[in-house]
Every structure is written in C-alpha cells, then in structure tokens.
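**Student:** My structure is stored as start27.txt, with compact mmCIF, C-alpha atoms.
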```txt
# COMPACT_ATOMS: atom_id res chain seq x y z
CA MET A 1 1.06 -11.17 17.47
CA PRO A 2 4.59 -11.76 16.07
CA ASP A 3 7.28 -11.92 18.73
CA PHE A 4 9.96 -10.82 16.26
CA PRO A 5 10.75 -7.48 14.55
CA ILE A 6 8.47 -6.58 11.65
CA ILE A 7 8.24 -3.93 8.94
CA ASP A 8 4.98 -2.09 8.44
CA SER A 9 4.96 -1.40 4.71
CA HIS A 10 1.77 0.67 4.67
CA VAL A 11 1.59 3.50 7.20
CA HIS A 12 -0.51 6.63 6.81
CA LEU A 13 0.08 9.78 8.84
CA TRP A 14 -1.75 13.06 8.37
CA ASP A 15 -2.45 16.42 9.92
CA PRO A 16 -5.51 18.21 8.48
CA SER A 17 -4.28 21.47 9.98
CA LEU A 18 -1.20 21.23 7.75
CA LEU A 19 -2.57 19.73 4.52
CA ARG A 20 -6.01 19.33 2.97
CA TYR A 21 -7.47 15.82 2.59
CA PRO A 22 -10.91 16.17 0.94
CA TRP A 23 -11.80 12.47 1.31
CA LEU A 24 -11.68 12.73 5.10
CA ASP A 25 -14.76 14.98 5.05
CA GLU A 26 -16.91 11.90 4.53
CA ILE A 27 -15.33 9.79 7.32
CA PRO A 28 -15.68 11.44 10.76
CA LEU A 29 -13.65 8.72 12.50
CA LEU A 30 -10.60 9.53 10.40
CA ASN A 31 -11.11 13.27 10.05
CA ARG A 32 -8.56 14.31 12.63
CA SER A 33 -4.83 14.30 13.06
CA TYR A 34 -3.12 10.89 13.07
CA GLN A 35 0.56 11.28 13.81
CA LEU A 36 3.53 9.32 15.11
CA GLN A 37 2.50 9.39 18.74
CA ASP A 38 -0.90 7.99 17.78
CA TYR A 39 0.73 5.27 15.68
CA ASN A 40 3.01 4.31 18.56
CA GLU A 41 0.02 3.99 20.87
CA ALA A 42 -1.94 1.94 18.32
CA THR A 43 0.93 -0.48 17.70
CA LYS A 44 1.89 -1.21 21.31
CA GLY A 45 2.95 -4.81 21.67
CA ALA A 46 4.24 -5.06 18.10
CA ILE A 47 7.95 -4.79 17.41
CA ILE A 48 7.89 -2.29 14.54
CA ASP A 49 11.46 -2.12 13.30
CA LYS A 50 10.87 -0.15 10.09
CA MET A 51 8.00 1.68 8.41
CA VAL A 52 7.04 2.73 4.89
CA PHE A 53 4.83 5.81 4.63
CA VAL A 54 2.28 5.78 1.82
CA GLN A 55 0.71 8.99 0.48
CA CYS A 56 -2.66 9.95 1.94
CA GLU A 57 -4.49 11.73 -0.90
CA CYS A 58 -3.95 15.29 0.15
CA LEU A 59 -4.59 17.85 -2.57
CA PRO A 60 -2.37 17.03 -5.57
CA SER A 61 -0.80 20.49 -5.35
CA GLN A 62 0.42 19.58 -1.84
CA CYS A 63 2.03 16.22 -2.67
CA GLU A 64 5.61 17.44 -2.43
CA THR A 65 4.84 19.22 0.83
CA GLU A 66 3.50 15.94 2.20
CA ALA A 67 6.74 14.15 1.23
CA GLU A 68 8.81 16.92 2.83
CA TRP A 69 6.76 16.72 6.03
CA VAL A 70 7.27 12.95 6.32
CA THR A 71 10.98 13.40 5.61
CA GLN A 72 11.10 15.67 8.64
CA LEU A 73 9.25 13.04 10.68
CA ALA A 74 11.86 10.48 9.65
CA ALA A 75 14.50 12.64 11.28
CA VAL A 76 12.53 12.27 14.51
CA ASP A 77 11.71 8.58 14.07
CA PRO A 78 14.34 6.81 11.94
CA ARG A 79 12.11 3.75 11.65
CA ILE A 80 10.59 5.57 8.67
CA ARG A 81 12.80 4.09 5.97
CA GLY A 82 10.61 4.61 2.93
CA ILE A 83 8.22 7.22 1.53
CA ILE A 84 5.75 6.57 -1.30
CA PRO A 85 4.41 9.96 -2.43
CA TRP A 86 1.83 10.94 -5.04
CA ALA A 87 2.90 11.94 -8.54
CA PRO A 88 0.90 13.09 -11.60
CA LEU A 89 1.90 10.13 -13.75
CA GLU A 90 -0.97 10.85 -16.14
CA LEU A 91 1.18 13.70 -17.48
CA GLY A 92 3.52 11.20 -19.12
CA GLU A 93 6.85 12.89 -19.84
CA GLY A 94 5.39 15.91 -18.07
CA ALA A 95 5.78 14.03 -14.79
CA ARG A 96 9.55 13.87 -15.17
CA PRO A 97 10.33 17.17 -13.36
CA ILE A 98 8.61 16.07 -10.15
CA LEU A 99 10.21 12.62 -10.37
CA GLU A 100 13.57 14.32 -10.74
CA ARG A 101 12.94 16.31 -7.57
CA TYR A 102 11.75 13.23 -5.69
CA SER A 103 14.86 11.34 -6.79
CA LYS A 104 16.99 13.69 -4.70
CA ASN A 105 15.42 12.32 -1.53
CA PRO A 106 16.88 8.88 -0.65
CA LEU A 107 13.86 8.03 1.49
CA ILE A 108 11.54 8.07 -1.52
CA LYS A 109 11.28 4.53 -2.86
CA GLY A 110 8.33 4.66 -5.21
CA MET A 111 5.11 6.39 -6.24
CA ARG A 112 1.41 5.89 -5.72
CA ARG A 113 -1.16 7.42 -8.03
CA ILE A 114 -4.51 5.97 -6.95
CA ILE A 115 -6.49 4.57 -9.87
CA GLN A 116 -9.45 3.27 -7.88
CA PHE A 117 -11.52 6.44 -7.90
CA GLU A 118 -11.11 7.38 -11.56
CA SER A 119 -14.43 7.43 -13.42
CA ASP A 120 -12.77 6.33 -16.66
CA PRO A 121 -12.25 2.55 -16.47
CA GLU A 122 -9.49 2.91 -19.07
CA PHE A 123 -7.62 5.58 -17.07
CA CYS A 124 -4.56 3.45 -16.39
CA LEU A 125 -4.34 2.48 -20.06
CA GLN A 126 -4.11 6.01 -21.41
CA ASP A 127 -0.88 6.50 -23.34
CA ASN A 128 0.36 9.28 -21.07
CA PHE A 129 -0.36 7.34 -17.89
CA ILE A 130 1.47 4.30 -19.20
CA ARG A 131 4.41 6.51 -20.12
CA GLY A 132 4.38 8.09 -16.67
CA VAL A 133 4.59 4.67 -15.05
CA GLN A 134 7.34 3.62 -17.43
CA LEU A 135 9.38 6.62 -16.28
CA LEU A 136 9.63 5.12 -12.79
CA GLU A 137 12.23 2.67 -14.04
CA ASP A 138 14.56 5.59 -14.83
CA TYR A 139 14.58 6.53 -11.14
CA ASN A 140 14.51 3.05 -9.63
CA PHE A 141 11.06 3.81 -8.22
CA ALA A 142 8.41 1.16 -7.57
CA PHE A 143 4.69 1.69 -8.08
CA ASP A 144 1.99 1.01 -5.49
CA ILE A 145 -1.24 0.01 -7.24
CA CYS A 146 -4.44 0.98 -5.44
CA VAL A 147 -7.49 -0.23 -7.35
CA SER A 148 -10.73 -2.11 -6.78
CA HIS A 149 -11.00 -5.75 -7.78
CA MET A 150 -13.03 -4.77 -10.84
CA GLN A 151 -10.09 -2.80 -12.24
CA LEU A 152 -7.48 -5.54 -12.04
CA GLY A 153 -7.98 -6.63 -15.65
CA ASN A 154 -6.74 -3.27 -16.90
CA VAL A 155 -3.94 -3.30 -14.34
CA ILE A 156 -2.67 -6.50 -15.94
CA LYS A 157 -2.53 -4.69 -19.30
CA LEU A 158 -0.68 -1.76 -17.68
CA ILE A 159 1.94 -4.08 -16.21
CA GLU A 160 2.44 -5.76 -19.58
CA CYS A 161 3.43 -2.33 -20.93
CA CYS A 162 5.94 -1.69 -18.13
CA PRO A 163 8.19 -4.76 -17.87
CA GLY A 164 10.99 -2.87 -16.14
CA VAL A 165 8.89 -1.42 -13.30
CA ARG A 166 8.37 -3.08 -9.92
CA PHE A 167 4.71 -3.15 -8.83
CA ILE A 168 3.00 -3.95 -5.55
CA ILE A 169 -0.75 -4.54 -5.31
CA ASP A 170 -2.08 -2.65 -2.29
CA HIS A 171 -4.67 -4.37 -0.09
CA ILE A 172 -4.51 -7.59 -2.19
CA GLY A 173 -6.42 -5.80 -4.94
CA LYS A 174 -9.43 -4.91 -2.76
CA PRO A 175 -11.63 -7.98 -3.27
CA ASN A 176 -15.32 -7.85 -2.33
CA ILE A 177 -14.92 -9.54 1.03
CA ARG A 178 -18.09 -7.95 2.40
CA GLU A 179 -20.21 -10.06 0.02
CA HIS A 180 -17.81 -13.05 -0.04
CA VAL A 181 -17.20 -12.64 -3.79
CA VAL A 182 -14.04 -14.24 -5.19
CA GLU A 183 -14.31 -13.72 -8.95
CA PRO A 184 -13.02 -12.06 -11.06
CA TRP A 185 -10.56 -11.12 -8.29
CA ARG A 186 -9.17 -14.64 -7.84
CA THR A 187 -8.42 -15.16 -11.53
CA ALA A 188 -6.85 -11.70 -11.83
CA ILE A 189 -4.61 -12.33 -8.81
CA SER A 190 -3.29 -15.49 -10.43
CA SER A 191 -2.54 -13.55 -13.61
CA LEU A 192 -0.79 -10.78 -11.69
CA ALA A 193 1.34 -13.28 -9.79
CA ALA A 194 2.69 -14.55 -13.10
CA PHE A 195 4.68 -11.31 -13.43
CA GLU A 196 7.88 -11.77 -11.44
CA GLN A 197 8.20 -8.04 -10.72
CA VAL A 198 4.77 -7.88 -9.05
CA TYR A 199 4.40 -8.21 -5.29
CA CYS A 200 1.22 -8.19 -3.20
CA LYS A 201 0.58 -6.32 0.03
CA LEU A 202 -1.28 -8.13 2.81
CA SER A 203 -3.10 -5.06 4.05
CA GLY A 204 -6.55 -3.52 4.14
CA LEU A 205 -8.53 -6.77 4.21
CA VAL A 206 -10.74 -5.90 7.16
CA THR A 207 -11.82 -2.63 5.57
CA GLU A 208 -13.05 -4.56 2.52
CA ALA A 209 -15.14 -6.78 4.82
CA ASP A 210 -18.30 -5.82 6.71
CA HIS A 211 -16.90 -3.27 9.16
CA GLY A 212 -19.23 -4.21 11.96
CA LYS A 213 -19.73 -7.94 11.46
CA TRP A 214 -16.60 -9.41 9.89
CA LYS A 215 -15.03 -12.57 11.27
CA GLN A 216 -11.58 -14.04 10.77
CA GLU A 217 -12.96 -16.80 8.57
CA ASP A 218 -14.28 -14.13 6.18
CA LEU A 219 -10.65 -13.26 5.40
CA SER A 220 -9.12 -16.73 5.38
CA ALA A 221 -9.91 -17.77 1.81
CA TYR A 222 -8.50 -14.54 0.39
CA ILE A 223 -5.29 -14.85 2.41
CA ARG A 224 -4.87 -18.47 1.33
CA TRP A 225 -5.33 -17.55 -2.33
CA VAL A 226 -2.71 -14.78 -2.42
CA LEU A 227 -0.36 -17.02 -0.46
CA ALA A 228 -0.75 -19.74 -3.07
CA ALA A 229 -0.40 -17.25 -5.93
CA PHE A 230 2.54 -15.13 -4.77
CA SER A 231 4.12 -17.58 -2.31
CA THR A 232 5.95 -16.30 0.74
CA ASP A 233 8.56 -14.69 -1.53
CA ARG A 234 6.35 -11.85 -2.81
CA LEU A 235 3.89 -11.09 -0.03
CA VAL A 236 4.45 -8.06 2.19
CA PHE A 237 2.74 -7.11 5.46
CA GLY A 238 1.04 -3.74 5.75
CA GLY A 239 -0.95 -2.32 8.66
CA ASP A 240 -2.91 0.32 6.71
CA TRP A 241 -3.21 2.35 9.89
CA PRO A 242 -5.27 4.43 10.60
CA VAL A 243 -7.63 3.51 7.73
CA VAL A 244 -7.86 0.04 9.29
CA CYS A 245 -9.50 1.65 12.36
CA GLN A 246 -12.81 1.77 10.50
CA ALA A 247 -13.09 -1.99 11.00
CA ALA A 248 -10.45 -3.09 13.51
CA GLY A 249 -7.46 -2.03 15.54
CA PHE A 250 -3.94 -2.43 14.21
CA SER A 251 -3.31 -5.18 16.77
CA ASP A 252 -6.48 -7.02 15.74
CA TRP A 253 -5.38 -7.16 12.10
CA LEU A 254 -1.81 -8.13 12.97
CA THR A 255 -2.98 -10.88 15.32
CA ILE A 256 -5.38 -12.30 12.72
CA LEU A 257 -2.75 -12.38 10.00
CA GLU A 258 -0.23 -13.98 12.31
CA ALA A 259 -2.79 -16.65 13.16
CA GLU A 260 -3.49 -17.30 9.46
CA LEU A 261 0.24 -17.75 8.83
CA THR A 262 0.97 -19.84 11.92
CA GLY A 263 1.52 -23.02 9.91
CA LEU A 264 4.37 -21.50 7.93
CA PRO A 265 8.00 -22.09 8.93
CA GLN A 266 9.55 -19.13 10.74
CA PRO A 267 11.80 -18.20 7.77
CA ASP A 268 8.71 -17.81 5.58
CA ARG A 269 6.89 -15.70 8.16
CA THR A 270 9.99 -13.53 8.44
CA LYS A 271 9.90 -12.99 4.69
CA ILE A 272 6.32 -11.72 4.79
CA PHE A 273 6.70 -9.59 7.88
CA TYR A 274 10.21 -8.26 7.21
CA GLU A 275 12.51 -9.37 4.43
CA ASN A 276 10.20 -8.91 1.44
CA ALA A 277 9.56 -5.27 2.29
CA ILE A 278 13.30 -4.62 2.31
CA LYS A 279 13.72 -6.41 -0.99
CA PHE A 280 10.80 -4.74 -2.79
CA TYR A 281 11.24 -1.19 -1.51
CA ARG A 282 15.04 -1.50 -1.36
CA LEU A 283 15.05 -0.14 2.16
CA ASN A 284 18.75 -0.85 2.69
```
Kindly return the structure encoded in the file as structure tokens.
**Tutor:**
Amino acid sequence: MPDFPIIDSHVHLWDPSLLRYPWLDEIPLLNRSYQLQDYNEATKGAIIDKMVFVQCECLPSQCETEAEWVTQLAAVDPRIRGIIPWAPLELGEGARPILERYSKNPLIKGMRRIIQFESDPEFCLQDNFIRGVQLLEDYNFAFDICVSHMQLGNVIKLIECCPGVRFIIDHIGKPNIREHVVEPWRTAISSLAAFEQVYCKLSGLVTEADHGKWKQEDLSAYIRWVLAAFSTDRLVFGGDWPVVCQAAGFSDWLTILEAELTGLPQPDRTKIFYENAIKFYRLN
C-alpha cells in the first residue's frame, strides 16, 4: 500500500433511505447505506488526502439532490474536492439549464452520463447526445465515460466530435478480464490514448474479473497495456468503493495496483496516485 498521500478519484457514497437506486435491488451486498464512516473504515491504512465523488445512478429526477447531498458531506469532510453528478446530456441544448445550475457549485468538476446500459449501440452518437457533451466545454466540465469494452469504438467517434472536452475512461474501459479477452479492447485503448485530452482511470478492474477466483496476474496484462498507452501522465487511480467490494476490499485493490507499479520511479507513481487527478479534475 502506498506510504504517501493519494487521491481517490472514484468514490461512491449512497443512502437508499434518502435517494432511490434501482440497480441496487439486484445486488444484496451493495443494497444498503454506504457513507463516509464506512469509507473511512474500508480505507484504513491508506493516506487518502482528497476524494472525487462520482454519481451513483439514483433516479434521474434525483440527480441534483444527490449533488446537493454530497456538497453537504464535503462540508463535513473537506477531503471531498470534486463531485461528478449525472446530467441528461441526451437532451442536447436542453441540458444547458441543469449545467448552468451545476456551474454555480465549485465542487462540481464534470459530468457522468452512463452509456454502458443503453440498449441502442449508437446512443452516444445521437446528435443531441453529442451536443450535450459538447456543452461541457462551455462550463469547463470534464466527462467521465462509463461503457463496456464493446462500446469503445463508438466512444472514439464521440470524442472526435468533441475536441474541446476533457474525457476520462472509467475502469479502463471495462475489458473482459473474467474471460481473459484483450481484443477489441486493446486496440480501442490505443486509439483513445491518441487523443491528448483523454485520460484513463485505473479503477474497477477486479469487478470485471471473476469475483470469486481472480488473481493478481489476471489483471497484470491490462494494467501494463494502459500504462504503455497512456503513460504515467494520463493515468489516474480510483478505488471504486463500495462497488469494488463485490470482488475485493479497497485495500486489496490498492495493494495490488501498488505492487504492479512498484518498478516505476516515485515521481511517476505520485502522478498516478495524486497529481494526475488534480490536473484532470482541476481540483485546485
């Protein structure tokens, strides 16, 4: 585990008694409250200096309430330096009013509108969705991309249409680690890395592996590939707690990643675990 301060760029917190999260109905382990005190317990031993909260798929009608709730939490725990809420970007120009309201909150650094679960494979290429993503540049917001590896080809086309927007690929694009599949994920990652405004989040790998049988070596090839593609300048650590709990503890994932990066000089490790999150999310 790193013996220096780190930034967790992918933290989830939720309270089902406050907001409705339909997806939790199917996952008993996660279908309870996970709040700051639980996070603190789960991350004992790690020096978490800053955190970025990422939206948790509550009902779309409750997205602003979720952002307000986390803003209140940040007053209690000032380590929360960034909030990435949900926004209906598929409305195109119709998303501008909510982006205007979000822009009044200095903690909000970007948006996440999950694409992964859309039945239409062309969802992210609809004219209105592209326009909604393009609007983020007007507010200096980044965009967290949450997709499966099979959707990365269309993500490349989306990014081509939005040259002024900063993107970060959540969970390294969710490759099929469970079945040890590398293509077309590997080729798509190389293409994504060619865009200078695209970063990649080292998070969520264990949940894409076999939850009960994964081994560190199952993850190694995927970590090496994104490291080669994005270099240490555009990789960002994320814990993905508590979703990670389906396959491992926060400390397990952090320890594994630290071990995989052991050969890097300390300045490069500091980039991945700290400096790149500040740069991408503009936390200062």
**Student:** Between atom CA of A:Pro2 and atom CA of A:Trp185, what distance in Å does the model show, to one decimal?
**Tutor:**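 We find that atom CA of A:Pro2 and atom CA of A:Trp185 lie 28.7 Å from each other.
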**Student:** Could you check how far atom CA of A:Ile278 sits from atom CA of A:Ile84, in Å to one decimal?
**Tutor:**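 Between these atoms lies a distance of 14.0 Å.
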**Student:** With only C-alpha atoms as the counted atoms, please give the residues lying no more than 6 Å from stretch 209-224 of chain A, apart from itself and same-chain residues fewer than 2 positions off, as a PyMOL selection string.
**Tutor:** chain A and resi 177-178+206-207+226-227+247
**Student:** May I have the selected residues written with C-alpha atoms, as a PDB file, in the coordinates of the input?
**Tutor:**
```
ATOM      1  CA  ILE A 177     -14.920  -9.540   1.030  1.00  0.00           C
ATOM      2  CA  ARG A 178     -18.090  -7.950   2.400  1.00  0.00           C
ATOM      3  CA  VAL A 206     -10.740  -5.900   7.160  1.00  0.00           C
ATOM      4  CA  THR A 207     -11.820  -2.630   5.570  1.00  0.00           C
ATOM      5  CA  VAL A 226      -2.710 -14.780  -2.420  1.00  0.00           C
ATOM      6  CA  LEU A 227      -0.360 -17.020  -0.460  1.00  0.00           C
ATOM      7  CA  ALA A 247     -13.090  -1.990  11.000  1.00  0.00           C
TER       8      ALA A 247
END
```
**Student:** Of the candidates A:Cys200, A:Leu99, A:Ala142, A:Ile156, which shows the shortest atom-to-atom distance to A:Gly82, using all atoms listed in the file?
**Tutor:** A:Ala142
**Student:** Would you kindly return, as a list in words, each protein, DNA or RNA residue with an atom no farther than 8 Å from any atom of A:Val133, considering all atoms listed in the file and excluding same-chain residues fewer than 6 positions away?
**Tutor:**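 Close residues of A:Val133: Leu89, Gly92, Phe143, Cys162 and Val165 of chain A.
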**Student:** Find the nearest atom pair between each residue of stretch 18-54 of chain A and stretch 251-268 of chain A for residues within 9 Å, count all atoms listed in the file, give distances in Å to one decimal, sort rows by chain and ascending number, and present the table as a tab-separated table.
**Tutor:**
```
residue	atom	partner	partner_atom	distance
A:Ala42	CA	A:Ser251	CA	7.4
A:Thr43	CA	A:Ser251	CA	6.4
A:Lys44	CA	A:Ser251	CA	8.0
A:Gly45	CA	A:Ser251	CA	8.0
A:Ala46	CA	A:Ser251	CA	7.7
```
**Student:** Please, what distance in Å, to one decimal, runs between atom CA of A:Cys63 and atom CA of A:Ile7?
**Tutor:**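 Calculated distance between atom CA of A:Cys63 and atom CA of A:Ile7 is 24.1 Å.
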**Student:** Smallest atom-to-atom distance to A:Arg166: which of A:Gln197, A:Gln151, A:Ser190, A:Gln72, using only C-alpha atoms?
**Tutor:** A:Gln197
**Student:** Calculated over only C-alpha atoms, which of the candidates A:Leu59, A:Gln126, A:Val70, A:Lys201 has the smallest distance to A:His12?
**Tutor:**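 Going through A:Leu59, A:Gln126, A:Val70, A:Lys201 one by one, the smallest distance to A:His12 is for A:Val70.
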**Student:** Measuring between all atoms listed in the file, which one of A:Ser191, A:Gly204, A:Ile27, A:Ala248 shows the shortest distance to A:Phe230?
**Tutor:**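 Of all the options, A:Ser191 lies closest to A:Phe230.
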**Student:** Between A:Arg96, A:Ala74, A:Ala188, A:Leu36, which one has atoms that come closest to A:Asn128, using all atoms listed in the file?
**Tutor:**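 Smallest separation from A:Asn128 among the options: A:Arg96.
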**Student:** Got a sec to check which residues sit within 8 Å of (-4.7, 0.9, 11.7), counting only C-alpha atoms, and write them as a list in words?
**Tutor:**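 Nearby residues: Ala42, Gly239, Asp240, Trp241, Pro242, Val243, Val244, Cys245, Ala248, Gly249 and Phe250 of chain A.
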**Student:** Nearest to A:Tyr139: which of A:Asn31, A:Ser103, A:Ser119, A:Asn154 is it, counting all atoms listed in the file?
**Tutor:**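 When distances to A:Tyr139 are compared using all atoms listed in the file, the smallest one comes from A:Ser103.
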**Student:** Skip A:Ile272 itself and residues of its chain fewer than 5 positions away, then list as number ranges by chain all residues within 8 Å of it, counting all atoms listed in the file.
**Tutor:** A: 232-237, 277
**Student:** Write out as a list in words the residues lying within 10 Å of A:Lys50, counting all atoms listed in the file and excluding same-chain residues fewer than 3 positions away.
**Tutor:** Pro5, Ile6, Ile7, Asp8, Ser9, Ile47, Asp77, Pro78, Arg79, Ile80, Arg81, Gly82, Tyr274, Ala277, Ile278 and Leu283 of chain A
